[in-house]
Structures are given as structure tokens and as C-alpha cells.
$ cat target.pdb   # PDB, C-alpha atoms
ATOM      1  CA  MET R   1     108.662 138.839 178.352
ATOM      2  CA  HIS R   2     108.647 137.545 174.769
ATOM      3  CA  GLY R   3     111.138 134.929 173.704
ATOM      4  CA  THR R   4     114.677 134.240 174.844
ATOM      5  CA  THR R   5     116.593 133.748 171.591
ATOM      6  CA  ILE R   6     119.697 135.938 171.837
ATOM      7  CA  ASP R   7     122.657 135.633 169.503
ATOM      8  CA  ASP R   8     125.972 137.486 169.556
ATOM      9  CA  ALA R   9     125.063 140.030 166.895
ATOM     10  CA  ASP R  10     121.719 140.831 168.530
ATOM     11  CA  LEU R  11     123.372 141.324 171.909
ATOM     12  CA  TRP R  12     125.955 143.698 170.465
ATOM     13  CA  ARG R  13     123.178 145.823 168.929
ATOM     14  CA  ARG R  14     121.147 146.050 172.122
ATOM     15  CA  LEU R  15     123.812 146.483 174.787
ATOM     16  CA  ASP R  16     126.267 149.212 175.611
ATOM     17  CA  TRP R  17     129.271 149.056 177.938
ATOM     18  CA  ASN R  18     127.351 150.523 180.867
ATOM     19  CA  ASP R  19     124.810 147.695 180.544
ATOM     20  CA  VAL R  20     127.593 145.139 180.518
ATOM     21  CA  ARG R  21     129.334 146.475 183.625
ATOM     22  CA  THR R  22     126.079 146.757 185.557
ATOM     23  CA  PHE R  23     124.752 143.349 184.497
ATOM     24  CA  LEU R  24     128.019 141.592 185.289
ATOM     25  CA  ALA R  25     128.249 143.254 188.710
ATOM     26  CA  VAL R  26     124.737 142.021 189.590
ATOM     27  CA  ALA R  27     125.385 138.570 188.161
ATOM     28  CA  GLU R  28     128.664 138.155 190.031
ATOM     29  CA  SER R  29     127.504 139.580 193.357
ATOM     30  CA  GLY R  30     124.034 138.002 193.361
ATOM     31  CA  SER R  31     122.501 141.147 194.843
ATOM     32  CA  LEU R  32     121.367 144.551 193.587
ATOM     33  CA  ASN R  33     122.603 146.195 196.798
ATOM     34  CA  ALA R  34     126.021 144.551 196.565
ATOM     35  CA  ALA R  35     126.348 145.555 192.911
ATOM     36  CA  ALA R  36     125.392 149.117 193.818
ATOM     37  CA  ARG R  37     128.182 149.240 196.417
ATOM     38  CA  VAL R  38     130.739 147.844 193.971
ATOM     39  CA  LEU R  39     129.811 150.287 191.203
ATOM     40  CA  GLY R  40     129.292 153.296 193.469
ATOM     41  CA  MET R  41     125.681 153.618 192.282
ATOM     42  CA  THR R  42     122.306 153.571 193.999
ATOM     43  CA  GLN R  43     120.211 150.407 194.256
ATOM     44  CA  PRO R  44     117.213 152.008 192.456
ATOM     45  CA  THR R  45     119.497 152.978 189.545
ATOM     46  CA  ILE R  46     120.799 149.406 189.288
ATOM     47  CA  SER R  47     117.247 148.034 189.423
ATOM     48  CA  ARG R  48     116.018 150.432 186.740
ATOM     49  CA  ARG R  49     118.883 149.615 184.396
ATOM     50  CA  MET R  50     118.332 145.882 184.767
ATOM     51  CA  GLU R  51     114.597 146.247 184.139
ATOM     52  CA  ASP R  52     115.335 148.321 181.032
ATOM     53  CA  LEU R  53     117.850 145.735 179.855
ATOM     54  CA  GLU R  54     115.344 142.895 180.269
ATOM     55  CA  TYR R  55     112.754 144.918 178.372
ATOM     56  CA  ARG R  56     115.108 145.650 175.471
ATOM     57  CA  LEU R  57     116.216 142.035 175.219
ATOM     58  CA  GLY R  58     112.695 140.685 175.633
ATOM     59  CA  ALA R  59     113.907 138.133 178.163
ATOM     60  CA  ARG R  60     113.913 137.759 181.932
ATOM     61  CA  LEU R  61     117.527 137.593 183.063
ATOM     62  CA  PHE R  62     117.125 137.327 186.850
ATOM     63  CA  GLN R  63     114.983 135.469 189.340
ATOM     64  CA  ARG R  64     114.416 137.825 192.271
ATOM     65  CA  SER R  65     113.865 136.722 195.855
ATOM     66  CA  SER R  66     114.343 138.030 199.391
ATOM     67  CA  ARG R  67     117.814 136.446 199.366
ATOM     68  CA  GLY R  68     118.958 138.317 196.250
ATOM     69  CA  VAL R  69     118.954 137.471 192.555
ATOM     70  CA  SER R  70     119.962 134.443 190.506
ATOM     71  CA  LEU R  71     120.371 134.093 186.762
ATOM     72  CA  THR R  72     117.767 132.511 184.539
ATOM     73  CA  GLU R  73     118.817 130.320 181.610
ATOM     74  CA  ALA R  74     118.755 133.416 179.400
ATOM     75  CA  GLY R  75     120.731 135.305 182.018
ATOM     76  CA  GLU R  76     123.435 132.624 182.034
ATOM     77  CA  ARG R  77     123.783 132.937 178.257
ATOM     78  CA  VAL R  78     123.926 136.718 178.436
ATOM     79  CA  ARG R  79     126.598 136.511 181.160
ATOM     80  CA  ASP R  80     128.843 134.428 178.878
ATOM     81  CA  LEU R  81     128.409 136.872 176.008
ATOM     82  CA  ALA R  82     128.724 139.920 178.293
ATOM     83  CA  SER R  83     131.970 138.552 179.721
ATOM     84  CA  SER R  84     133.290 138.337 176.171
ATOM     85  CA  MET R  85     132.214 141.933 175.566
ATOM     86  CA  ALA R  86     134.082 142.983 178.682
ATOM     87  CA  ARG R  87     137.237 141.271 177.462
ATOM     88  CA  TYR R  88     136.879 142.877 174.025
ATOM     89  CA  GLY R  89     136.323 146.258 175.675
ATOM     90  CA  ASP R  90     139.514 145.907 177.727
ATOM     91  CA  SER R  91     141.418 145.019 174.541
ATOM     92  CA  ILE R  92     140.098 148.102 172.778
ATOM     93  CA  VAL R  93     141.082 150.345 175.669
ATOM     94  CA  ARG R  94     144.584 148.894 175.748
ATOM     95  CA  SER R  95     144.931 149.242 171.970
ATOM     96  CA  VAL R  96     143.655 152.780 171.397
ATOM     97  CA  GLY R  97     143.539 154.379 174.828
ATOM     98  CA  GLY R  98     145.309 157.708 174.779
ATOM     99  CA  SER R  99     144.204 158.868 171.343
ATOM    100  CA  ASP R 100     141.686 161.476 172.569
ATOM    101  CA  LYS R 101     143.556 164.523 173.842
ATOM    102  CA  SER R 102     140.884 167.109 173.074
ATOM    103  CA  PHE R 103     139.276 169.359 175.655
ATOM    104  CA  THR R 104     135.938 169.367 173.863
ATOM    105  CA  GLY R 105     132.838 167.276 174.549
ATOM    106  CA  ARG R 106     130.689 165.978 177.365
ATOM    107  CA  VAL R 107     131.931 164.599 180.684
ATOM    108  CA  ARG R 108     129.445 162.815 182.938
ATOM    109  CA  VAL R 109     129.968 162.932 186.695
ATOM    110  CA  GLU R 110     128.018 161.009 189.320
ATOM    111  CA  ALA R 111     127.986 162.552 192.800
ATOM    112  CA  PRO R 112     125.764 162.669 195.905
ATOM    113  CA  ASP R 113     123.402 165.639 195.749
ATOM    114  CA  GLY R 114     124.970 167.364 198.750
ATOM    115  CA  ILE R 115     128.489 167.143 197.326
ATOM    116  CA  ALA R 116     127.299 168.212 193.879
ATOM    117  CA  GLY R 117     125.029 171.023 195.037
ATOM    118  CA  PHE R 118     126.993 172.558 197.900
ATOM    119  CA  VAL R 119     130.625 171.793 197.014
ATOM    120  CA  LEU R 120     131.005 171.382 193.239
ATOM    121  CA  MET R 121     128.390 173.772 191.854
ATOM    122  CA  PRO R 122     129.661 176.917 193.655
ATOM    123  CA  GLN R 123     132.971 176.338 191.804
ATOM    124  CA  VAL R 124     131.608 175.301 188.411
ATOM    125  CA  ALA R 125     131.391 178.771 186.833
ATOM    126  CA  THR R 126     135.134 179.250 187.240
ATOM    127  CA  PHE R 127     135.743 175.863 185.596
ATOM    128  CA  GLN R 128     133.418 176.737 182.698
ATOM    129  CA  MET R 129     135.207 180.009 182.022
ATOM    130  CA  ALA R 130     138.522 178.167 181.769
ATOM    131  CA  ASN R 131     137.053 175.247 179.769
ATOM    132  CA  PRO R 132     134.229 176.610 177.586
ATOM    133  CA  GLU R 133     134.206 173.610 175.224
ATOM    134  CA  ILE R 134     133.578 171.007 177.934
ATOM    135  CA  ASP R 135     129.941 170.166 178.688
ATOM    136  CA  LEU R 136     129.357 168.834 182.200
ATOM    137  CA  SER R 137     126.618 166.378 183.057
ATOM    138  CA  VAL R 138     126.193 165.861 186.818
ATOM    139  CA  ASP R 139     123.948 162.981 187.899
ATOM    140  CA  CYS R 140     122.885 162.949 191.550
ATOM    141  CA  GLY R 141     120.773 159.806 191.161
ATOM    142  CA  LEU R 142     117.551 161.385 192.445
ATOM    143  CA  TRP R 143     115.282 161.201 189.376
ATOM    144  CA  ARG R 144     114.915 157.542 188.525
ATOM    145  CA  GLU R 145     112.464 158.267 185.702
ATOM    146  CA  SER R 146     114.733 160.890 184.088
ATOM    147  CA  PRO R 147     118.318 159.597 184.129
ATOM    148  CA  LEU R 148     121.026 161.559 182.364
ATOM    149  CA  ASP R 149     122.277 160.073 179.119
ATOM    150  CA  GLY R 150     125.708 158.628 178.567
ATOM    151  CA  ASP R 151     128.255 156.533 180.422
ATOM    152  CA  THR R 152     129.701 157.786 183.684
ATOM    153  CA  ASP R 153     133.249 159.124 183.412
ATOM    154  CA  LEU R 154     133.872 160.129 187.047
ATOM    155  CA  THR R 155     132.158 159.062 190.250
ATOM    156  CA  LEU R 156     132.281 160.648 193.706
ATOM    157  CA  THR R 157     131.120 158.199 196.369
ATOM    158  CA  VAL R 158     131.523 157.147 199.991
ATOM    159  CA  ALA R 159     131.179 153.462 199.048
ATOM    160  CA  GLU R 160     134.526 151.801 199.790
ATOM    161  CA  ALA R 161     134.399 148.814 197.437
ATOM    162  CA  GLY R 162     134.878 149.516 193.738
ATOM    163  CA  PRO R 163     135.022 147.344 190.621
ATOM    164  CA  PRO R 164     138.485 146.022 189.728
ATOM    165  CA  ASP R 165     138.599 147.819 186.370
ATOM    166  CA  VAL R 166     138.484 151.343 187.833
ATOM    167  CA  VAL R 167     140.909 153.579 189.698
ATOM    168  CA  THR R 168     139.776 154.587 193.193
ATOM    169  CA  ILE R 169     141.477 157.446 195.022
ATOM    170  CA  PRO R 170     140.546 159.039 198.366
ATOM    171  CA  ILE R 171     139.808 162.686 197.664
ATOM    172  CA  ALA R 172     138.605 164.042 201.015
ATOM    173  CA  THR R 173     137.660 163.100 204.554
ATOM    174  CA  LEU R 174     134.208 164.205 205.710
ATOM    175  CA  HIS R 175     134.148 164.875 209.443
ATOM    176  CA  TYR R 176     130.590 164.378 210.697
ATOM    177  CA  VAL R 177     129.478 166.237 213.800
ATOM    178  CA  ILE R 178     126.041 167.005 215.228
ATOM    179  CA  PHE R 179     124.307 170.198 214.125
ATOM    180  CA  ALA R 180     121.097 171.990 215.061
ATOM    181  CA  SER R 181     119.391 175.295 214.384
ATOM    182  CA  ARG R 182     119.448 178.037 216.994
ATOM    183  CA  GLU R 183     115.659 177.904 217.179
ATOM    184  CA  TYR R 184     115.636 174.169 217.877
ATOM    185  CA  LEU R 185     118.154 174.600 220.693
ATOM    186  CA  ARG R 186     116.159 177.519 222.110
ATOM    187  CA  LEU R 187     113.034 175.357 222.268
ATOM    188  CA  TYR R 188     114.491 172.015 223.355
ATOM    189  CA  GLY R 189     117.942 172.738 224.752
ATOM    190  CA  ALA R 190     121.282 171.281 223.736
ATOM    191  CA  PRO R 191     122.325 167.751 224.707
ATOM    192  CA  THR R 192     125.513 167.633 226.738
ATOM    193  CA  SER R 193     126.508 164.072 225.770
ATOM    194  CA  LEU R 194     125.974 161.595 222.940
ATOM    195  CA  GLN R 195     123.669 159.624 225.236
ATOM    196  CA  GLU R 196     121.366 162.637 225.582
ATOM    197  CA  VAL R 197     121.184 163.017 221.802
ATOM    198  CA  ALA R 198     118.912 159.968 221.678
ATOM    199  CA  ASN R 199     116.252 161.954 223.589
ATOM    200  CA  HIS R 200     115.967 164.494 220.784
ATOM    201  CA  ARG R 201     114.329 164.506 217.385
ATOM    202  CA  TRP R 202     116.762 163.257 214.778
ATOM    203  CA  VAL R 203     117.231 163.933 211.054
ATOM    204  CA  ARG R 204     119.030 161.123 209.274
ATOM    205  CA  HIS R 205     120.488 160.309 205.859
ATOM    206  CA  PRO R 206     120.602 156.559 205.012
ATOM    207  CA  SER R 207     124.167 156.823 203.656
ATOM    208  CA  HIS R 208     125.339 157.042 207.268
ATOM    209  CA  LYS R 209     125.598 153.243 207.254
ATOM    210  CA  GLU R 210     128.629 153.439 204.934
ATOM    211  CA  GLN R 211     132.184 152.981 206.285
ATOM    212  CA  GLN R 212     131.014 151.813 209.703
ATOM    213  CA  SER R 213     134.604 151.511 210.928
ATOM    214  CA  THR R 214     134.918 155.310 210.803
ATOM    215  CA  TRP R 215     131.817 155.945 212.940
ATOM    216  CA  HIS R 216     131.741 156.543 216.676
ATOM    217  CA  PRO R 217     130.619 153.349 218.487
ATOM    218  CA  LYS R 218     127.673 155.232 220.008
ATOM    219  CA  ALA R 219     126.376 156.481 216.657
ATOM    220  CA  ALA R 220     124.465 153.274 215.897
ATOM    221  CA  ALA R 221     122.904 153.353 219.356
ATOM    222  CA  ILE R 222     121.742 156.928 218.773
ATOM    223  CA  TYR R 223     119.981 155.894 215.569
ATOM    224  CA  GLU R 224     118.335 152.944 217.296
ATOM    225  CA  LEU R 225     117.219 154.837 220.408
ATOM    226  CA  ALA R 226     116.064 158.115 218.849
ATOM    227  CA  GLY R 227     112.307 158.229 219.359
ATOM    228  CA  HIS R 228     111.304 160.483 216.471
ATOM    229  CA  GLN R 229     113.229 160.529 213.214
ATOM    230  CA  LEU R 230     112.997 162.163 209.818
ATOM    231  CA  THR R 231     114.854 160.227 207.134
ATOM    232  CA  SER R 232     115.655 161.384 203.607
ATOM    233  CA  ASN R 233     118.090 160.187 200.945
ATOM    234  CA  SER R 234     118.638 163.801 199.860
ATOM    235  CA  SER R 235     121.436 165.713 201.571
ATOM    236  CA  ALA R 236     119.777 168.976 200.573
ATOM    237  CA  ALA R 237     116.512 167.884 202.201
ATOM    238  CA  THR R 238     118.196 166.808 205.443
ATOM    239  CA  LEU R 239     120.167 170.056 205.581
ATOM    240  CA  MET R 240     117.038 172.156 205.116
ATOM    241  CA  ALA R 241     115.198 170.120 207.754
ATOM    242  CA  ILE R 242     117.956 170.682 210.315
ATOM    243  CA  LYS R 243     118.326 174.343 209.379
ATOM    244  CA  HIS R 244     114.599 174.938 209.964
ATOM    245  CA  GLY R 245     114.402 173.169 213.307
ATOM    246  CA  ALA R 246     113.213 169.635 212.509
ATOM    247  CA  GLY R 247     115.807 168.102 214.812
ATOM    248  CA  LEU R 248     119.460 167.322 215.370
ATOM    249  CA  GLY R 249     121.486 165.746 212.600
ATOM    250  CA  GLY R 250     124.951 164.583 211.667
ATOM    251  CA  MET R 251     126.584 166.540 208.840
ATOM    252  CA  PRO R 252     130.179 167.168 207.761
ATOM    253  CA  THR R 253     131.900 170.239 209.175
ATOM    254  CA  CYS R 254     132.201 171.723 205.680
ATOM    255  CA  VAL R 255     128.489 172.604 205.934
ATOM    256  CA  LEU R 256     129.490 175.686 207.933
ATOM    257  CA  GLU R 257     131.106 177.131 204.817
ATOM    258  CA  PHE R 258     127.696 177.597 203.186
ATOM    259  CA  GLU R 259     125.365 177.537 206.226
ATOM    260  CA  PRO R 260     127.307 179.491 208.898
ATOM    261  CA  ASP R 261     124.200 180.057 211.065
ATOM    262  CA  LEU R 262     123.935 176.383 211.960
ATOM    263  CA  VAL R 263     125.166 175.463 215.439
ATOM    264  CA  MET R 264     127.733 172.722 215.820
ATOM    265  CA  LEU R 265     127.187 171.001 219.161
ATOM    266  CA  ASP R 266     130.151 170.703 221.499
ATOM    267  CA  LEU R 267     130.199 166.898 221.351
ATOM    268  CA  GLU R 268     132.533 164.255 220.005
ATOM    269  CA  PRO R 269     132.612 163.893 216.205
ATOM    270  CA  MET R 270     130.312 161.136 214.952
ATOM    271  CA  ALA R 271     132.332 159.848 212.000
ATOM    272  CA  HIS R 272     135.205 160.469 209.593
ATOM    273  CA  PRO R 273     134.261 158.689 206.321
ATOM    274  CA  ARG R 274     136.350 159.168 203.206
ATOM    275  CA  LEU R 275     135.020 160.469 199.920
ATOM    276  CA  TYR R 276     136.400 158.593 196.907
ATOM    277  CA  LEU R 277     136.854 159.558 193.268
ATOM    278  CA  ARG R 278     136.522 156.694 190.771
ATOM    279  CA  TYR R 279     137.238 156.576 187.063
ATOM    280  CA  ARG R 280     138.239 154.106 184.384
ATOM    281  CA  ARG R 281     141.969 153.909 183.695
ATOM    282  CA  ALA R 282     141.466 155.141 180.149
ATOM    283  CA  ALA R 283     140.050 158.409 181.512
ATOM    284  CA  GLU R 284     143.575 159.640 182.204
ATOM    285  CA  ASN R 285     144.130 159.516 178.438
ATOM    286  CA  GLN R 286     141.022 161.538 177.579
ATOM    287  CA  GLY R 287     141.835 165.218 177.753
ATOM    288  CA  ARG R 288     138.389 166.499 178.713
ATOM    289  CA  VAL R 289     137.868 163.834 181.404
ATOM    290  CA  LYS R 290     141.301 164.437 182.904
ATOM    291  CA  ARG R 291     140.611 168.169 182.938
ATOM    292  CA  VAL R 292     137.392 167.631 184.913
ATOM    293  CA  LYS R 293     139.111 165.130 187.199
ATOM    294  CA  ASP R 294     141.872 167.580 188.005
ATOM    295  CA  TRP R 295     139.296 170.303 188.680
ATOM    296  CA  ILE R 296     137.387 168.062 191.107
ATOM    297  CA  VAL R 297     140.618 167.211 192.929
ATOM    298  CA  SER R 298     141.339 170.935 193.270
ATOM    299  CA  VAL R 299     137.866 171.599 194.694
ATOM    300  CA  PHE R 300     138.734 169.290 197.595
ATOM    301  CA  ASP R 301     142.263 170.646 198.083
ATOM    302  CA  PRO R 302     142.949 170.097 201.814
ATOM    303  CA  VAL R 303     145.483 172.931 201.951
ATOM    304  CA  GLU R 304     142.945 175.502 200.779
ATOM    305  CA  LYS R 305     140.064 173.763 202.561
ATOM    306  CA  PRO R 306     141.217 172.285 205.891
ATOM    307  CA  TRP R 307     137.742 170.851 206.588
ATOM    308  CA  PHE R 308     138.592 168.116 204.031
ATOM    309  CA  ARG R 309     141.857 167.073 205.692
ATOM    310  CA  GLU R 310     142.322 163.565 207.011
ATOM    311  CA  GLU R 311     142.750 164.846 210.563
ATOM    312  CA  PHE R 312     139.814 166.551 212.275
ATOM    313  CA  ILE R 313     140.106 170.343 212.247
ATOM    314  CA  HIS R 314     137.716 172.235 214.494
ATOM    315  CA  PRO R 315     135.721 174.875 212.590
ATOM    316  CA  ARG R 316     137.129 177.595 214.843
ATOM    317  CA  ASP R 317     140.476 176.970 213.108
ATOM    318  CA  PHE R 318     139.198 176.980 209.523
ATOM    319  CA  GLY R 319     139.982 180.639 208.898
ATOM    320  CA  ARG R 320     143.457 180.400 210.362
ATOM    321  CA  LEU R 321     144.435 177.301 208.396
ATOM    322  CA  ALA R 322     142.690 177.893 205.057
ATOM    323  CA  SER R 323     145.248 179.053 202.476
ATOM    324  CA  PRO R 324     144.780 180.730 200.073
ATOM    325  CA  GLY R 325     141.036 180.190 200.357
ATOM    326  CA  PRO R 326     138.454 182.438 201.989
ATOM    327  CA  ARG R 327     138.772 183.500 205.608
ATOM    328  CA  ARG R 328     135.767 183.032 207.860
ATOM    329  CA  ARG R 329     134.830 183.789 211.439
ATOM    330  CA  ALA R 330     135.493 181.187 214.146
ATOM    331  CA  VAL R 331     132.579 179.125 215.375
TER     332      VAL R 331
END
$ encode --input "target.pdb" --output "C-alpha cells"
Amino acid sequence: MHGTTIDDADLWRRLDWNDVRTFLAVAESGSLNAAARVLGMTQPTISRRMEDLEYRLGARLFQRSSRGVSLTEAGERVRDLASSMARYGDSIVRSVGGSDKSFTGRVRVEAPDGIAGFVLMPQVATFQMANPEIDLSVDCGLWRESPLDGDTDLTLTVAEAGPPDVVTIPIATLHYVIFASREYLRLYGAPTSLQEVANHRWVRHPSHKEQQSTWHPKAAAIYELAGHQLTSNSSAATLMAIKHGAGLGGMPTCVLEFEPDLVMLDLEPMAHPRLYLRYRRAAENQGRVKRVKDWIVSVFDPVEKPWFREEFIHPRDFGRLASPGPRRRAV
């Protein structure tokens, strides 16, 4: 790094609001992982943004260790200035929020790849026809080297803790049960209890550590005892692995709406985590953002889609309860 002389004017030129929020979250939490949970982002995304920020400023802002991160002298100075920026930003929002009522422009959404690919995207064409002037940007956080431009307007996440300056609303409950392919069960048989699941190959997504209070007490034991595991941070990859016989895996019951040939095992549900929608308060005053927000809420409508209700609905009852959505055969 070259030099550490940073004045107010230079900081304003080199930082944007997304930098400020991310930097302050890391500085206040003392950990990239903790900041990621607060902001509803991934740890690699936080790390990349902080490395980019240090590069642009030409100064090392954090000392990194196995215990977390601490601020350097330059980092302390940036925190003071960034806190001022945050206060100024809040003042601006309070002063002029509500002036943008147009339904034209870009809206950036962050969402897990499974939610984006299998739930949102099948509905996006209908939204586009009704809102042709709104450009959607959907970031699933998978390509660290090619992030999408712009600040995030709306975030879908299973992380419970959110920053104090955003609105967090529960939008759906994801009921996780154990699935397998017919071919896997033909070759290896079906477990008849959660204890027996540990004797099978297992396909796991690391996000299953979120909202531990909603998980079955035996779920952690299954993860620990399973002898052979395939782990991926892509929901699409884990789904394809299970579909093609790589092992058993926990997935939400809504998966049967787009992969009806999967077999849901007749075992207790594994978990019931909530999916949250987050957005800045000013978003309600931006016409295009509110339009996208309302569309996302409708996609998870529990009346039309009973698999997103707070109470567990067995897939055999989806067709009977879904209204006015599509009818499907019982499982």
C-alpha cells in the first residue's frame, strides 16, 4: 500500500454509500463473517469489497488475524469520516426521500441462487411485460470476479440479523425435508429414521447452519456422522447432485414444484427457516423499487403457494390448498 494521507474531500471522491455501509459493518463487528450476516451478504463479497476499498484508498485499513479484524490507524480515521458520511446520507434520505415516483430504471436484487433461479426467474417474464421500463439486476453472489454494478435495493436472505438502517420482513417459510432420486433409493434403499440417514451419502449446502433454532435437533448430528458428503454453496449444484443420485439432501418442499420426480422421504422435516426481504426505508418512496418489492412479495404469496406458509403443509396437499395457482398431483 502507498501512503495513508486521507482527507475529507479525497474520501468523498473515492467512496460510495455501499462502501461506507460495508466498511462500517466490518469495523463495528470486528469480523468479516459477522458483517456478512448483518448485511445479508456473503463473506467473500465482503472481503472483496474491503480489498478493493483498500486498493482505491492506497492504505491498509484492517489488520487481519484468526480472531477477526482490527482497524489500523488509517482505518480508525476512515471510520470517523465514514460515520459522518452515514449521518449525512441519513439526512439526505430524510430530506428528499419520496421524490422519485417513476417506474423507470434499474433495480438491483440480491438473492440466493436457488431462490433466484427456481422461484423468481420463472415469474420474471410476466413482471417484465407489466413493467417494460424497469431493468432488473439479480446478483446471486457466485462470481466474485464479476460482481454486478450498483447498490443493492432489495435483498432476499435467510440471515436473521440485519443492519439497523434497513427494513426486514419475513416473506416465506422454507420447510426443509430430505429428498433423494428414485435411482439412489433403488440402489441403496430408503432410511426409515433420521438416525439411519447418517449411514447414507449426503449432499449439503453450507447455509444450513443459519437459523439453528428452526432445525431439528438431530440435523446437526446427521451432518457430523454422515460418512461421505458432497458440499456446495450453490443451490442449483446441490439440487442437480441429488437429482442425479449423488446422495440424500435437505431441500425445501417447494422444490417439488419444479422437480416433481424427486422423492421426498417419509421422515420428520429437518428445518423451517424463514426467508427475509430487506430494503432501505427510502425504497418505499422509489416507484421502481417498490414495484419490484411488491412483485417479489407476490411471488411468495402463501395463499397461492401453500409451500411457503408458516405452518408445514405436506406436498400431497399442495394441489388442494393452492389458490388460484397451479394444481399438481399429490406426492
$ axis_aligned_box --input "target.pdb" --around "range 229-242 of chain R" --padding-each-side "3 Å" --output "AutoDock Vina command-line options"
--center_x 117.2 --center_y 166.2 --center_z 206.5 --size_x 14.4 --size_y 18.0 --size_z 19.4
$ atom_distance --input "target.pdb" --atom1 "CA of Ala159 in chain R" --atom2 "CA of Arg56 in chain R"
29.6 Å
$ closest_residue --input "target.pdb" --among "R:Gly150, R:Gly247, R:Gly75, R:Pro252" --to "Leu275 in chain R" --atoms "only C-alpha atoms"
R:Pro252
$ resolve_selection --input "target.pdb" --expression "the PyMOL selection byres ((chain R and resi 171-173) around 12)" --output "JSON, numbers by chain"
{"R": [115, 119, 155, 156, 157, 158, 168, 169, 170, 174, 175, 176, 211, 214, 252, 253, 254, 271, 272, 273, 274, 275, 276, 277, 278, 293, 294, 295, 296, 297, 298, 299, 300, 301, 302, 303, 305, 306, 307, 308, 309, 310, 311, 312, 313]}
$ residues_near_point --input "target.pdb" --point "(143.6, 153.2, 186.8)" --cutoff "9 Å" --atoms "all atoms listed in the file" --output "list in words"
Asp165, Val166, Val167, Thr168, Arg278, Tyr279, Arg280, Arg281, Ala282, Ala283 and Glu284 of chain R
$ closest_residue --input "target.pdb" --among "R:Ala220, R:Leu61, R:Leu53, R:Val124" --to "Met270 in chain R" --atoms "all atoms listed in the file"
R:Ala220
$ residues_around --input "target.pdb" --residues "Arg48 in chain R" --least-positions-apart "6" --cutoff "10 Å" --atoms "only C-alpha atoms" --output "list in words"
Glu54, Arg144, Glu145 and Pro147 of chain R
$ write_last_selection --input "target.pdb" --atoms "C-alpha atoms" --output "PDB file, in the frame of the given file"
ATOM      1  CA  GLU R  54     115.344 142.895 180.269  1.00  0.00           C
ATOM      2  CA  ARG R 144     114.915 157.542 188.525  1.00  0.00           C
ATOM      3  CA  GLU R 145     112.464 158.267 185.702  1.00  0.00           C
ATOM      4  CA  PRO R 147     118.318 159.597 184.129  1.00  0.00           C
TER       5      PRO R 147
END
$ residues_around --input "target.pdb" --residues "Val263 in chain R" --least-positions-apart "5" --cutoff "12 Å" --atoms "all atoms listed in the file" --output "PyMOL selection string"
chain R and resi 177-186+190+242-245+247-251+253+255-256+315+330-331
$ residues_around --input "target.pdb" --residues "range 38-46 of chain R" --least-positions-apart "3" --cutoff "10 Å" --atoms "all atoms listed in the file" --output "ChimeraX atom specification"
/R:19,21-23,25-26,29,31-35,49-52,110-112,140-145,147,155-164,166,276-278
$ closest_residue --input "target.pdb" --among "R:Arg67, R:His208, R:His314, R:His216" --to "Leu265 in chain R" --atoms "all atoms listed in the file"
R:His314
$ atom_distance --input "target.pdb" --atom1 "CA of Arg106 in chain R" --atom2 "CA of Glu133 in chain R"
8.7 Å
$ atom_distance --input "target.pdb" --atom1 "CA of Leu148 in chain R" --atom2 "CA of Arg204 in chain R"
27.0 Å
$ closest_residue --input "target.pdb" --among "R:Met121, R:Asp113, R:Leu154, R:Glu257" --to "Ala237 in chain R" --atoms "all atoms listed in the file"
R:Asp113
$ closest_residue --input "target.pdb" --among "R:Thr238, R:Asn233, R:Asn131, R:Ser207" --to "Arg37 in chain R" --atoms "only C-alpha atoms"
R:Ser207
$ closest_residue --input "target.pdb" --among "R:Val203, R:Leu120, R:Leu71, R:Leu24" --to "Ser83 in chain R" --atoms "all atoms listed in the file"
R:Leu24
$ build_atoms --input "target.pdb" --residues "range 103-114 of chain R" --atoms "N, CA and C atoms" --output "mmCIF file, in the coordinates of the input"
data_model
loop_
_atom_site.group_PDB
_atom_site.id
_atom_site.type_symbol
_atom_site.label_atom_id
_atom_site.label_comp_id
_atom_site.auth_asym_id
_atom_site.auth_seq_id
_atom_site.Cartn_x
_atom_site.Cartn_y
_atom_site.Cartn_z
ATOM 1 N N PHE R 103 139.969 168.808 174.498
ATOM 2 C CA PHE R 103 139.276 169.359 175.655
ATOM 3 C C PHE R 103 137.882 169.824 175.252
ATOM 4 N N THR R 104 137.270 169.051 174.365
ATOM 5 C CA THR R 104 135.938 169.367 173.863
ATOM 6 C C THR R 104 135.046 168.142 174.031
ATOM 7 N N GLY R 105 133.799 168.367 174.439
ATOM 8 C CA GLY R 105 132.838 167.276 174.549
ATOM 9 C C GLY R 105 132.235 167.182 175.934
ATOM 10 N N ARG R 106 131.430 166.152 176.125
ATOM 11 C CA ARG R 106 130.689 165.978 177.365
ATOM 12 C C ARG R 106 131.437 165.073 178.331
ATOM 13 N N VAL R 107 131.388 165.431 179.607
ATOM 14 C CA VAL R 107 131.931 164.599 180.684
ATOM 15 C C VAL R 107 130.816 164.400 181.696
ATOM 16 N N ARG R 108 130.542 163.142 182.020
ATOM 17 C CA ARG R 108 129.445 162.815 182.938
ATOM 18 C C ARG R 108 130.017 162.448 184.297
ATOM 19 N N VAL R 109 129.520 163.130 185.317
ATOM 20 C CA VAL R 109 129.968 162.932 186.695
ATOM 21 C C VAL R 109 128.797 162.443 187.529
ATOM 22 N N GLU R 110 129.016 161.430 188.344
ATOM 23 C CA GLU R 110 128.018 161.009 189.320
ATOM 24 C C GLU R 110 128.503 161.439 190.698
ATOM 25 N N ALA R 111 127.603 162.064 191.470
ATOM 26 C CA ALA R 111 127.986 162.552 192.800
ATOM 27 C C ALA R 111 126.751 162.635 193.676
ATOM 28 N N PRO R 112 126.899 162.454 194.994
ATOM 29 C CA PRO R 112 125.764 162.669 195.905
ATOM 30 C C PRO R 112 125.268 164.106 195.771
ATOM 31 N N ASP R 113 123.970 164.309 196.004
ATOM 32 C CA ASP R 113 123.402 165.639 195.749
ATOM 33 C C ASP R 113 123.997 166.717 196.646
ATOM 34 N N GLY R 114 124.373 166.368 197.873
ATOM 35 C CA GLY R 114 124.970 167.364 198.750
ATOM 36 C C GLY R 114 126.337 167.797 198.255
#
